[in-house]
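In what follows, a single structure is set out as C-alpha coordinates and then discussed.
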Amino acid sequence: MLALEQVLEVRRLLDEGQLSRRAIAAATGVSRGSVGAIAKGERGLFGAPPVEPEVFRSAAAQRCPGCGGMVFLPCVLCEAVAHRQAVEGARAA
(Lines give C-alpha, C1' and ligand atoms only; values in the text may rest on other atoms or scores of the structure.)
Protein backbone atom coordinates (compact mmCIF):
# COMPACT_ATOMS: atom_id res chain seq x y z
CA MET A 1 0.00 0.00 0.00
CA LEU A 2 1.25 3.46 -0.80
CA ALA A 3 2.09 5.88 1.96
CA LEU A 4 -0.20 8.89 2.19
CA GLU A 5 2.75 11.20 1.49
CA GLN A 6 3.40 9.42 -1.83
CA VAL A 7 -0.24 9.69 -2.88
CA LEU A 8 -0.36 13.39 -2.07
CA GLU A 9 2.93 14.01 -3.89
CA VAL A 10 1.61 12.25 -7.00
CA ARG A 11 -1.58 14.32 -6.84
CA ARG A 12 0.44 17.53 -6.46
CA LEU A 13 2.64 16.70 -9.44
CA LEU A 14 -0.40 15.80 -11.54
CA ASP A 15 -2.05 19.11 -10.64
CA GLU A 16 1.09 21.04 -11.63
CA GLY A 17 0.89 19.48 -15.09
CA GLN A 18 4.60 19.84 -15.85
CA LEU A 19 5.54 16.14 -15.83
CA SER A 20 4.13 13.19 -17.71
CA ARG A 21 2.56 10.33 -15.78
CA ARG A 22 5.58 8.19 -16.62
CA ALA A 23 7.95 10.85 -15.25
CA ILE A 24 5.85 11.21 -12.09
CA ALA A 25 5.96 7.44 -11.58
CA ALA A 26 9.74 7.43 -11.96
CA ALA A 27 10.22 10.44 -9.68
CA THR A 28 8.02 9.17 -6.86
CA GLY A 29 8.67 5.42 -7.06
CA VAL A 30 4.99 4.69 -7.64
CA SER A 31 3.81 2.42 -10.45
CA ARG A 32 2.46 3.98 -13.63
CA GLY A 33 -0.84 2.21 -13.00
CA SER A 34 -1.21 3.83 -9.58
CA VAL A 35 -0.35 7.24 -11.04
CA GLY A 36 -2.99 6.69 -13.71
CA ALA A 37 -5.59 5.62 -11.15
CA ILE A 38 -4.91 8.71 -9.05
CA ALA A 39 -5.13 10.91 -12.17
CA LYS A 40 -8.47 9.39 -13.22
CA GLY A 41 -9.90 9.62 -9.72
CA GLU A 42 -10.26 5.84 -9.47
CA ARG A 43 -8.06 5.76 -6.40
CA GLY A 44 -8.93 7.88 -3.41
CA LEU A 45 -6.41 10.08 -1.64
CA PHE A 46 -5.77 7.67 1.20
CA GLY A 47 -2.68 5.78 2.14
CA ALA A 48 -1.02 3.57 4.67
CA PRO A 49 -0.90 5.05 8.15
CA PRO A 50 2.47 6.45 9.13
CA VAL A 51 4.76 3.96 10.79
CA GLU A 52 5.07 4.63 14.49
CA PRO A 53 8.58 4.35 15.89
CA GLU A 54 9.18 1.28 18.00
CA VAL A 55 9.08 1.73 21.72
CA PHE A 56 12.65 2.12 22.78
CA ARG A 57 13.91 -0.93 24.60
CA SER A 58 16.47 -0.91 27.34
CA ALA A 59 19.97 -0.28 26.02
CA ALA A 60 21.20 -3.82 26.63
CA ALA A 61 19.74 -7.26 27.04
CA GLN A 62 19.29 -8.40 30.62
CA ARG A 63 19.04 -11.80 32.22
CA CYS A 64 15.38 -12.78 32.72
CA PRO A 65 14.67 -13.64 36.36
CA GLY A 66 12.11 -16.24 35.26
CA CYS A 67 13.81 -18.31 32.56
CA GLY A 68 17.38 -17.07 32.76
CA GLY A 69 17.59 -16.09 29.09
CA MET A 70 19.31 -12.94 27.85
CA VAL A 71 16.35 -10.84 26.70
CA PHE A 72 15.04 -7.32 26.40
CA LEU A 73 12.66 -7.10 29.35
CA PRO A 74 9.83 -7.93 29.71
CA CYS A 75 10.56 -11.49 28.64
CA VAL A 76 8.01 -12.46 26.00
CA LEU A 77 8.73 -16.17 26.46
CA CYS A 78 7.86 -16.04 30.17
CA GLU A 79 4.69 -14.08 29.40
CA ALA A 80 3.67 -16.65 26.76
CA VAL A 81 4.33 -19.59 29.10
CA ALA A 82 2.32 -17.92 31.89
CA HIS A 83 -0.55 -17.24 29.49
CA ARG A 84 -0.54 -20.81 28.22
CA GLN A 85 -0.57 -22.21 31.77
CA ALA A 86 -3.48 -19.92 32.65
CA VAL A 87 -5.46 -21.07 29.61
CA GLU A 88 -4.76 -24.75 30.28
CA GLY A 89 -5.65 -24.29 33.95
CA ALA A 90 -8.97 -22.71 32.99
CA ARG A 91 -9.77 -25.63 30.67
CA ALA A 92 -9.03 -28.20 33.38
CA ALA A 93 -11.33 -26.50 35.89
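Residues are referred to by chain and number: the chain letter is A, B, ... according to the order shown in the C-alpha coordinates, the number counts from 1 in that chain, and ligands are numbered separately from 1 in the order shown.
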
- Within 12 Å of Glu9 in chain A, counting only C-alpha atoms, which residues qualify if same-chain residues fewer than 2 places away don't, as a list in words?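 Residues near the query, excluding close chain neighbours: Leu2, Ala3, Leu4, Glu5, Gln6, Val7, Arg11, Arg12, Leu13, Leu14, Asp15, Glu16, Ile24, Ala25, Ala27, Thr28, Gly29, Val30, Val35, Ile38, Ala39, Leu45, Phe46 and Gly47 of chain A.
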
May I have the residues from that selection written out with N, CA and C atoms, as a short mmCIF file (atom, residue, chain, number, x, y, z; two decimals), in the first residue's frame?
```cif
data_model
loop_
_atom_site.label_atom_id
_atom_site.label_comp_id
_atom_site.auth_asym_id
_atom_site.auth_seq_id
_atom_site.Cartn_x
_atom_site.Cartn_y
_atom_site.Cartn_z
N LEU A 2 0.48 2.22 -0.72
CA LEU A 2 1.25 3.46 -0.80
C LEU A 2 1.10 4.27 0.48
N ALA A 3 2.16 4.96 0.83
CA ALA A 3 2.09 5.88 1.96
C ALA A 3 1.29 7.11 1.54
N LEU A 4 0.62 7.72 2.48
CA LEU A 4 -0.20 8.89 2.19
C LEU A 4 0.64 10.00 1.57
N GLU A 5 1.88 10.15 2.03
CA GLU A 5 2.75 11.20 1.49
C GLU A 5 3.00 10.98 0.00
N GLN A 6 3.17 9.72 -0.42
CA GLN A 6 3.40 9.42 -1.83
C GLN A 6 2.17 9.76 -2.66
N VAL A 7 1.00 9.42 -2.15
CA VAL A 7 -0.24 9.69 -2.88
C VAL A 7 -0.43 11.19 -3.05
N ARG A 11 -0.47 13.42 -6.53
CA ARG A 11 -1.58 14.32 -6.84
C ARG A 11 -1.07 15.74 -7.10
N ARG A 12 -0.11 16.18 -6.29
CA ARG A 12 0.44 17.53 -6.46
C ARG A 12 1.14 17.66 -7.81
N LEU A 13 1.94 16.66 -8.16
CA LEU A 13 2.64 16.70 -9.44
C LEU A 13 1.68 16.62 -10.62
N LEU A 14 0.62 15.85 -10.48
CA LEU A 14 -0.40 15.80 -11.54
C LEU A 14 -1.07 17.16 -11.70
N ASP A 15 -1.38 17.80 -10.59
CA ASP A 15 -2.05 19.11 -10.64
C ASP A 15 -1.15 20.18 -11.25
N GLU A 16 0.17 20.08 -11.03
CA GLU A 16 1.09 21.04 -11.63
C GLU A 16 1.09 20.92 -13.15
N ILE A 24 6.30 11.15 -13.49
CA ILE A 24 5.85 11.21 -12.09
C ILE A 24 6.07 9.86 -11.42
N ALA A 25 5.76 8.79 -12.14
CA ALA A 25 5.96 7.44 -11.58
C ALA A 25 7.43 7.21 -11.27
N ALA A 27 9.74 9.51 -10.71
CA ALA A 27 10.22 10.44 -9.68
C ALA A 27 9.76 10.05 -8.29
N THR A 28 8.58 9.47 -8.18
CA THR A 28 8.02 9.17 -6.86
C THR A 28 8.18 7.71 -6.45
N GLY A 29 8.54 6.84 -7.39
CA GLY A 29 8.67 5.42 -7.06
C GLY A 29 7.34 4.70 -7.00
N VAL A 30 6.33 5.27 -7.61
CA VAL A 30 4.99 4.69 -7.64
C VAL A 30 4.78 4.10 -9.03
N VAL A 35 -0.31 5.83 -10.64
CA VAL A 35 -0.35 7.24 -11.04
C VAL A 35 -1.57 7.48 -11.92
N ILE A 38 -4.77 7.47 -9.80
CA ILE A 38 -4.91 8.71 -9.05
C ILE A 38 -5.36 9.83 -9.99
N ALA A 39 -4.79 9.87 -11.20
CA ALA A 39 -5.13 10.91 -12.17
C ALA A 39 -6.59 10.81 -12.60
N LEU A 45 -7.62 9.51 -2.22
CA LEU A 45 -6.41 10.08 -1.64
C LEU A 45 -6.24 9.58 -0.22
N PHE A 46 -6.04 8.28 -0.10
CA PHE A 46 -5.77 7.67 1.20
C PHE A 46 -4.48 6.90 1.08
N GLY A 47 -3.93 6.52 2.19
CA GLY A 47 -2.68 5.78 2.14
C GLY A 47 -2.47 5.01 3.43
#
```

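The coordinates place CA of Cys67 in chain A at 17.4 Å from CA of Ala86 in chain A.
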
- Task: Check the DSSP output for the backbone and give back, as JSON, numbers by chain, the residues of chain A in helix (DSSP H, G or I).
- Result: {"A": [4, 5, 6, 7, 8, 9, 10, 11, 12, 13, 14, 15, 16, 21, 22, 23, 24, 25, 26, 27, 28, 32, 33, 34, 35, 36, 37, 38, 39, 40, 76, 77, 78, 79, 80, 81, 82, 83, 84, 85, 86, 87, 88, 89, 90, 91, 92]}
